[in-house]
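Asker: protein31.txt is reproduced in full below (compact mmCIF, C-alpha atoms).
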```txt
# COMPACT_ATOMS: atom_id res chain seq x y z
CA MET A 1 -204.57 57.08 -0.69
CA LYS A 2 -206.14 54.72 -3.16
CA HIS A 3 -208.95 52.41 -2.12
CA GLY A 4 -206.89 49.28 -2.88
CA GLU A 5 -204.02 50.27 -0.62
CA GLY A 6 -206.06 50.49 2.64
CA PRO A 7 -205.97 46.82 3.82
CA SER A 8 -202.32 46.43 2.85
CA SER A 9 -201.33 49.51 4.80
CA SER A 10 -203.25 48.27 7.87
CA VAL A 11 -201.52 44.89 7.73
CA GLU A 12 -198.11 46.52 7.40
CA ALA A 13 -198.86 48.81 10.35
CA ALA A 14 -199.94 45.86 12.49
CA GLU A 15 -196.83 43.90 11.56
CA GLY A 16 -194.66 46.91 12.38
CA SER A 17 -196.33 47.25 15.81
CA MET A 18 -195.81 43.56 16.53
CA ALA A 19 -192.16 43.83 15.50
CA GLU A 20 -191.66 46.80 17.85
CA LYS A 21 -193.25 44.87 20.74
CA GLY A 22 -191.04 41.88 20.03
CA THR A 23 -187.96 44.06 19.99
CA LEU A 24 -189.00 45.70 23.26
CA ALA A 25 -189.63 42.31 24.91
CA ALA A 26 -186.28 41.05 23.69
CA ALA A 27 -184.58 44.10 25.20
CA VAL A 28 -186.40 43.95 28.53
CA GLY A 29 -185.92 40.19 28.99
CA PRO A 30 -182.12 40.23 29.26
CA ARG A 31 -182.26 43.30 31.50
CA ARG A 32 -184.51 41.47 33.95
CA PHE A 33 -182.24 38.46 33.86
CA ILE A 34 -179.14 40.60 34.47
CA GLY A 35 -180.88 42.51 37.26
CA GLY A 36 -181.95 39.30 38.96
CA GLY A 37 -178.43 37.90 38.63
CA ILE A 38 -176.92 40.95 40.30
CA SER A 39 -179.45 40.81 43.14
CA ARG A 40 -178.75 37.11 43.63
CA GLY A 41 -175.03 37.81 43.67
CA ILE A 42 -175.48 40.45 46.37
CA ALA A 43 -177.61 38.00 48.35
CA VAL A 44 -174.82 35.39 48.17
CA VAL A 45 -172.31 37.95 49.46
CA ASP A 46 -174.76 38.79 52.25
CA PHE A 47 -174.92 35.12 53.24
CA LEU A 48 -171.14 34.79 53.34
CA VAL A 49 -170.74 37.96 55.42
CA ARG A 50 -173.32 36.63 57.88
CA LEU A 51 -171.28 33.45 58.27
CA ALA A 52 -168.21 35.58 59.04
CA ALA A 53 -170.20 37.67 61.53
CA LEU A 54 -171.46 34.49 63.19
CA ALA A 55 -167.88 33.26 63.60
CA THR A 56 -166.66 36.53 65.15
CA ALA A 57 -169.69 36.88 67.44
CA LEU A 58 -169.32 33.30 68.68
CA ALA A 59 -165.59 33.78 69.16
CA ALA A 60 -166.22 36.93 71.19
CA ALA A 61 -168.87 35.30 73.38
CA ILE A 62 -166.87 32.11 74.00
CA ALA A 63 -163.58 33.91 74.62
CA MET A 64 -165.13 36.27 77.14
CA GLY A 65 -167.40 33.67 78.73
CA THR A 66 -164.49 31.33 79.45
CA THR A 67 -162.13 34.01 80.77
CA GLN A 68 -160.81 33.18 84.22
CA GLN A 69 -157.40 33.41 85.83
CA THR A 70 -156.14 32.58 89.30
CA LEU A 71 -152.74 33.82 90.38
CA PRO A 72 -150.33 31.14 91.62
CA PHE A 73 -149.81 32.87 94.95
CA PHE A 74 -152.31 33.59 97.73
CA THR A 75 -152.45 34.43 101.39
CA GLN A 76 -154.18 32.69 104.23
CA PHE A 77 -157.29 34.76 103.72
CA ILE A 78 -157.14 36.00 100.12
CA GLN A 79 -156.91 34.19 96.80
CA PHE A 80 -156.24 36.41 93.78
CA GLU A 81 -158.69 35.44 91.05
CA ALA A 82 -160.30 37.24 88.11
CA ASN A 83 -163.49 36.09 86.34
CA TYR A 84 -165.40 37.79 83.56
CA ASP A 85 -168.57 37.83 85.69
CA ASP A 86 -166.82 39.91 88.35
CA LEU A 87 -167.53 42.90 86.10
CA PRO A 88 -171.10 43.72 84.92
CA ALA A 89 -169.79 45.12 81.64
CA PHE A 90 -168.23 41.77 80.74
CA SER A 91 -171.38 39.90 81.77
CA PHE A 92 -173.42 42.18 79.52
CA PHE A 93 -170.90 41.55 76.76
CA VAL A 94 -171.36 37.78 76.94
CA ILE A 95 -175.15 38.05 76.96
CA ALA A 96 -175.24 40.56 74.11
CA THR A 97 -172.84 38.69 71.82
CA GLY A 98 -174.70 35.45 72.56
CA ILE A 99 -177.97 37.10 71.48
CA VAL A 100 -176.31 38.45 68.35
CA ALA A 101 -174.91 35.02 67.44
CA GLY A 102 -178.34 33.45 67.89
CA TYR A 103 -179.92 36.12 65.72
CA ILE A 104 -177.37 35.57 62.95
CA VAL A 105 -178.20 31.85 62.88
CA ILE A 106 -181.88 32.70 62.34
CA SER A 107 -181.07 35.41 59.81
CA LEU A 108 -179.24 32.87 57.65
CA LEU A 109 -182.62 31.39 56.75
CA PHE A 110 -183.87 34.77 55.51
CA SER A 111 -180.61 35.25 53.65
CA ILE A 112 -181.10 31.91 51.86
CA LEU A 113 -184.65 32.99 50.99
CA SER A 114 -183.20 36.16 49.46
CA ILE A 115 -180.88 34.03 47.32
CA VAL A 116 -183.78 31.87 46.10
CA ARG A 117 -186.05 34.89 45.56
CA PRO A 118 -183.72 37.84 45.03
CA ARG A 119 -186.55 40.23 44.14
CA ALA A 120 -188.56 39.58 47.32
CA ALA A 121 -188.49 42.79 49.37
CA CYS A 122 -190.10 41.57 52.61
CA PRO A 123 -187.24 39.27 53.80
CA ARG A 124 -184.66 41.91 52.97
CA LEU A 125 -186.56 44.64 54.83
CA THR A 126 -186.90 42.36 57.85
CA LEU A 127 -183.17 41.68 57.83
CA LEU A 128 -182.39 45.38 57.51
CA ILE A 129 -184.49 46.30 60.56
CA PHE A 130 -183.06 43.59 62.81
CA ASP A 131 -179.52 44.10 61.51
CA VAL A 132 -179.67 47.71 62.67
CA ILE A 133 -180.89 46.59 66.10
CA MET A 134 -178.13 43.99 66.40
CA LEU A 135 -175.59 46.55 65.21
CA ALA A 136 -176.59 48.85 68.07
CA LEU A 137 -176.46 46.00 70.59
CA THR A 138 -173.05 44.79 69.44
CA THR A 139 -171.66 48.33 69.44
CA ALA A 140 -172.88 48.88 73.01
CA ALA A 141 -171.35 45.59 74.20
CA ALA A 142 -168.02 46.19 72.46
CA SER A 143 -167.79 49.76 73.74
CA ALA A 144 -168.55 48.77 77.33
CA SER A 145 -165.96 46.00 77.18
CA ALA A 146 -163.38 48.30 75.58
CA ALA A 147 -163.73 50.78 78.46
CA ILE A 148 -163.00 48.07 81.06
CA VAL A 149 -160.15 46.62 79.02
CA TYR A 150 -158.59 50.07 78.78
CA LEU A 151 -158.76 50.50 82.55
CA ALA A 152 -157.33 47.03 83.08
CA HIS A 153 -154.33 47.90 80.91
CA ASN A 154 -153.75 51.50 81.96
CA GLY A 155 -155.63 52.09 85.21
CA ASN A 156 -156.83 55.54 86.24
CA SER A 157 -154.61 57.65 88.46
CA GLY A 158 -157.43 60.09 89.20
CA THR A 159 -159.47 57.41 90.94
CA ASN A 160 -156.51 55.34 92.18
CA TRP A 161 -157.45 52.41 89.93
CA LEU A 162 -154.29 50.44 89.28
CA PRO A 163 -153.67 48.46 86.07
CA ILE A 164 -154.01 44.73 86.62
CA CYS A 165 -152.74 43.33 83.33
CA GLN A 166 -149.20 42.91 84.58
CA GLN A 167 -150.52 40.35 87.06
CA PHE A 168 -153.57 38.98 85.20
CA ASP A 169 -151.94 38.84 81.76
CA SER A 170 -153.97 35.88 80.46
CA PHE A 171 -157.22 37.47 81.64
CA CYS A 172 -156.40 40.71 79.83
CA GLN A 173 -155.36 38.95 76.63
CA ARG A 174 -158.61 37.01 76.37
CA THR A 175 -160.82 39.98 77.19
CA SER A 176 -158.92 42.14 74.69
CA GLY A 177 -159.27 39.48 71.99
CA ALA A 178 -162.99 39.14 72.65
CA THR A 179 -163.41 42.91 72.40
CA VAL A 180 -161.56 43.02 69.08
CA ALA A 181 -163.77 40.21 67.74
CA ALA A 182 -166.85 42.17 68.78
CA PHE A 183 -165.68 45.26 66.92
CA ILE A 184 -165.05 43.13 63.82
CA THR A 185 -168.66 41.97 64.15
CA VAL A 186 -169.74 45.62 64.27
CA VAL A 187 -167.91 46.31 60.99
CA LEU A 188 -169.52 43.26 59.37
CA PHE A 189 -172.99 44.39 60.51
CA ILE A 190 -172.39 47.82 58.97
CA PHE A 191 -171.55 46.07 55.71
CA LEU A 192 -174.71 43.93 55.99
CA VAL A 193 -176.86 47.02 56.50
CA LEU A 194 -175.33 48.61 53.41
CA LEU A 195 -175.95 45.46 51.37
CA SER A 196 -179.59 45.34 52.44
CA ALA A 197 -180.01 49.03 51.59
CA VAL A 198 -178.54 48.45 48.11
CA MET A 199 -180.83 45.48 47.47
CA LEU A 200 -183.91 47.40 48.62
CA ARG A 201 -182.87 50.32 46.43
CA ARG A 202 -182.81 47.99 43.43
CA HIS A 203 -186.47 47.14 44.08
```
Transcribe the structure of this file into structure tokens.
Answerer:
Amino acid sequence: MKHGEGPSSSVEAAEGSMAEKGTLAAAVGPRRFIGGGISRGIAVVDFLVRLAALATALAAAIAMGTTQQTLPFFTQFIQFEANYDDLPAFSFFVIATGIVAGYIVISLLFSILSIVRPRAACPRLTLLIFDVIMLALTTAAASASAAIVYLAHNGNSGTNWLPICQQFDSFCQRTSGATVAAFITVVLFIFLVLLSAVMLRRH
């Protein structure tokens, strides 16, 4: 290399390095923007699913908690009446779905925070942990209620438990509807857990 070509070569090398850095920054910038947009989109879906879960959990709690039926006939000593709190499983159901509905209201704030800051991992991890807990609680409540609803419809000949839904039809319809709403809430919580796992995976 000639002596006169040294400075020129250094300048060209520096310009080439700066051009490569600019190209790399231009490539990384849009990727970050796209990644943040996808995370924000998932967070919006999470918020909407939580609203749906809130609706189903409230519907389940209210439907079960207001279930009561009195038959139009009675004797001198006996009045035929059915209330949800006559059965511990239904009482547990109302308490559990009420807790779940209250939790979902609080979780909406964390979901909004995830929309504003889609790359923040702490709110999403918190939601994932408590979503799993609420999923277990809702599943337990729905399963306990489903067992009683099944007996109310079909009875159990082995234990001489007779079906009561032919007499208490309104009672059975409301408890069955509440149980179905609870199982829908379970499905929505499973979806929420999957969404949180996907968002954490992106981090």
Asker: One decimal, in Å: what's the spacing between CA of Gln167 in chain A and CA of Ser91 in chain A?
Answerer: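 Straight-line distance from CA of Gln167 in chain A to CA of Ser91 in chain A works out to 21.5 Å.
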Asker: Would you list the residues near (-171.5, 43.8, 59.9), meaning any protein, DNA or RNA residue with an atom at most 9 Å from that point in file coordinates, counting all atoms listed in the file, as a PyMOL selection string?
Answerer: chain A and resi 49-50+52-53+131+135+184-194
Asker: Generate a file of the selected residues that holds C-alpha atoms, formatted as a PDB file, in the frame of the given file.
Answerer:
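Generated output (result-v8.pdb):
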```pdb
ATOM      1  CA  VAL A  49    -170.740  37.960  55.420  1.00  0.00           C
ATOM      2  CA  ARG A  50    -173.320  36.630  57.880  1.00  0.00           C
ATOM      3  CA  ALA A  52    -168.210  35.580  59.040  1.00  0.00           C
ATOM      4  CA  ALA A  53    -170.200  37.670  61.530  1.00  0.00           C
ATOM      5  CA  ASP A 131    -179.520  44.100  61.510  1.00  0.00           C
ATOM      6  CA  LEU A 135    -175.590  46.550  65.210  1.00  0.00           C
ATOM      7  CA  ILE A 184    -165.050  43.130  63.820  1.00  0.00           C
ATOM      8  CA  THR A 185    -168.660  41.970  64.150  1.00  0.00           C
ATOM      9  CA  VAL A 186    -169.740  45.620  64.270  1.00  0.00           C
ATOM     10  CA  VAL A 187    -167.910  46.310  60.990  1.00  0.00           C
ATOM     11  CA  LEU A 188    -169.520  43.260  59.370  1.00  0.00           C
ATOM     12  CA  PHE A 189    -172.990  44.390  60.510  1.00  0.00           C
ATOM     13  CA  ILE A 190    -172.390  47.820  58.970  1.00  0.00           C
ATOM     14  CA  PHE A 191    -171.550  46.070  55.710  1.00  0.00           C
ATOM     15  CA  LEU A 192    -174.710  43.930  55.990  1.00  0.00           C
ATOM     16  CA  VAL A 193    -176.860  47.020  56.500  1.00  0.00           C
ATOM     17  CA  LEU A 194    -175.330  48.610  53.410  1.00  0.00           C
TER      18      LEU A 194
END
```
Asker: Which value, in Å to one decimal, gives the distance between CA of Ile164 in chain A and CA of Ala142 in chain A?
Answerer: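 Here the two named atoms are 20.0 Å from each other.
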Asker: Is there a way to get, as an MDAnalysis selection string, all residues within 10 Å of the point (-171.9, 33.0, 60.5) in file coordinates, counting all atoms listed in the file?
Answerer: chainID A and resid 47:58 101:102 104:105 107:108
Asker: Enter the distance from CA of Phe183 in chain A to CA of Arg40 in chain A, in Å, rounded to one decimal.
Answerer: 27.9 Å
Asker: Of the candidates A:Ala197, A:Ile106, A:Ala140, A:Ala121, which shows the shortest atom-to-atom distance to Phe90 in chain A, using all atoms listed in the file?
Answerer: A:Ala140
Asker: Nearest to Ala181 in chain A among A:Ser39, A:Ser145, A:Gln68, A:Ser111, with distances taken over only C-alpha atoms: which residue is it?
Answerer: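 Checking each candidate against Ala181 in chain A, we get A:Ser145 as the closest.
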Asker: Using all atoms listed in the file, pick whichever of A:Ile133, A:Val116, A:Cys122, A:Ala82 has the shortest atom-to-atom distance to Ala96 in chain A.
Answerer: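 Of all the options, A:Ile133 lies closest to Ala96 in chain A.
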Asker: Tell me which of A:Leu113, A:Leu87, A:Val180, A:Val94 sits closest to Leu127 in chain A, counting all atoms listed in the file.
Answerer: A:Leu113
Asker: From the list A:Leu109, A:Thr138, A:Val149, A:Asn156, which residue is nearest Thr126 in chain A when using only C-alpha atoms?
Answerer: A:Leu109
Asker: Considering all atoms listed in the file, can you say which of A:Ile42, A:Ala120, A:Ala60, A:Leu128 comes closest to Ile99 in chain A?
Answerer: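 With all atoms listed in the file as the atom set, the closest residue is A:Ala60.
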Asker: Got a sec: who's within 9 Å of Thr67 in chain A, counting all atoms listed in the file, leaving out chain neighbours fewer than 4 positions off, as a list of chain:residue names?
Answerer: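 These residues fall inside the cut-off: A:Ile62, A:Ala63, A:Ala82, A:Asn83, A:Tyr84, A:Asp85, A:Ser170, A:Phe171, A:Cys172, A:Arg174, A:Thr175.
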Asker: Provide range 128-146 of chain A rebuilt to N, CA, C and O atoms, formatted as an mmCIF file, in the frame of the given file.
Answerer:
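Output file rebuild_34.cif follows:
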```cif
data_model
loop_
_atom_site.group_PDB
_atom_site.id
_atom_site.type_symbol
_atom_site.label_atom_id
_atom_site.label_comp_id
_atom_site.auth_asym_id
_atom_site.auth_seq_id
_atom_site.Cartn_x
_atom_site.Cartn_y
_atom_site.Cartn_z
ATOM 1 N N LEU A 128 -182.936 44.041 57.318
ATOM 2 C CA LEU A 128 -182.390 45.380 57.510
ATOM 3 C C LEU A 128 -182.763 45.934 58.881
ATOM 4 O O LEU A 128 -181.917 46.483 59.600
ATOM 5 N N ILE A 129 -184.026 45.772 59.266
ATOM 6 C CA ILE A 129 -184.490 46.300 60.560
ATOM 7 C C ILE A 129 -183.751 45.626 61.720
ATOM 8 O O ILE A 129 -183.209 46.295 62.611
ATOM 9 N N PHE A 130 -183.698 44.301 61.692
ATOM 10 C CA PHE A 130 -183.060 43.590 62.810
ATOM 11 C C PHE A 130 -181.533 43.710 62.771
ATOM 12 O O PHE A 130 -180.891 43.671 63.823
ATOM 13 N N ASP A 131 -180.967 43.874 61.593
ATOM 14 C CA ASP A 131 -179.520 44.100 61.510
ATOM 15 C C ASP A 131 -179.133 45.401 62.204
ATOM 16 O O ASP A 131 -178.102 45.471 62.883
ATOM 17 N N VAL A 132 -179.943 46.424 62.018
ATOM 18 C CA VAL A 132 -179.670 47.710 62.670
ATOM 19 C C VAL A 132 -179.765 47.568 64.189
ATOM 20 O O VAL A 132 -178.937 48.110 64.939
ATOM 21 N N ILE A 133 -180.756 46.808 64.657
ATOM 22 C CA ILE A 133 -180.890 46.590 66.100
ATOM 23 C C ILE A 133 -179.700 45.830 66.651
ATOM 24 O O ILE A 133 -179.120 46.185 67.687
ATOM 25 N N MET A 134 -179.288 44.770 65.950
ATOM 26 C CA MET A 134 -178.130 43.990 66.400
ATOM 27 C C MET A 134 -176.837 44.784 66.302
ATOM 28 O O MET A 134 -175.936 44.613 67.115
ATOM 29 N N LEU A 135 -176.760 45.675 65.324
ATOM 30 C CA LEU A 135 -175.590 46.550 65.210
ATOM 31 C C LEU A 135 -175.480 47.441 66.441
ATOM 32 O O LEU A 135 -174.383 47.601 67.006
ATOM 33 N N ALA A 136 -176.599 47.998 66.870
ATOM 34 C CA ALA A 136 -176.590 48.850 68.070
ATOM 35 C C ALA A 136 -176.212 48.050 69.305
ATOM 36 O O ALA A 136 -175.426 48.512 70.150
ATOM 37 N N LEU A 137 -176.757 46.839 69.425
ATOM 38 C CA LEU A 137 -176.460 46.000 70.590
ATOM 39 C C LEU A 137 -174.988 45.598 70.627
ATOM 40 O O LEU A 137 -174.339 45.660 71.689
ATOM 41 N N THR A 138 -174.460 45.192 69.489
ATOM 42 C CA THR A 138 -173.050 44.790 69.440
ATOM 43 C C THR A 138 -172.130 45.970 69.718
ATOM 44 O O THR A 138 -171.110 45.827 70.407
ATOM 45 N N THR A 139 -172.477 47.138 69.197
ATOM 46 C CA THR A 139 -171.660 48.330 69.440
ATOM 47 C C THR A 139 -171.657 48.681 70.924
ATOM 48 O O THR A 139 -170.598 49.030 71.488
ATOM 49 N N ALA A 140 -172.810 48.579 71.579
ATOM 50 C CA ALA A 140 -172.880 48.880 73.010
ATOM 51 C C ALA A 140 -172.033 47.894 73.815
ATOM 52 O O ALA A 140 -171.294 48.296 74.728
ATOM 53 N N ALA A 141 -172.118 46.606 73.476
ATOM 54 C CA ALA A 141 -171.350 45.590 74.200
ATOM 55 C C ALA A 141 -169.853 45.781 73.994
ATOM 56 O O ALA A 141 -169.061 45.722 74.944
ATOM 57 N N ALA A 142 -169.446 46.012 72.750
ATOM 58 C CA ALA A 142 -168.020 46.190 72.460
ATOM 59 C C ALA A 142 -167.473 47.441 73.124
ATOM 60 O O ALA A 142 -166.346 47.441 73.641
ATOM 61 N N SER A 143 -168.249 48.507 73.135
ATOM 62 C CA SER A 143 -167.790 49.760 73.740
ATOM 63 C C SER A 143 -167.654 49.621 75.249
ATOM 64 O O SER A 143 -166.668 50.102 75.843
ATOM 65 N N ALA A 144 -168.629 48.971 75.888
ATOM 66 C CA ALA A 144 -168.550 48.770 77.330
ATOM 67 C C ALA A 144 -167.344 47.911 77.694
ATOM 68 O O ALA A 144 -166.614 48.199 78.654
ATOM 69 N N SER A 145 -167.112 46.863 76.922
ATOM 70 C CA SER A 145 -165.960 46.000 77.180
ATOM 71 C C SER A 145 -164.653 46.745 76.945
ATOM 72 O O SER A 145 -163.687 46.586 77.711
ATOM 73 N N ALA A 146 -164.603 47.564 75.893
ATOM 74 C CA ALA A 146 -163.380 48.300 75.580
ATOM 75 C C ALA A 146 -163.007 49.259 76.718
ATOM 76 O O ALA A 146 -161.817 49.442 77.024
#
```
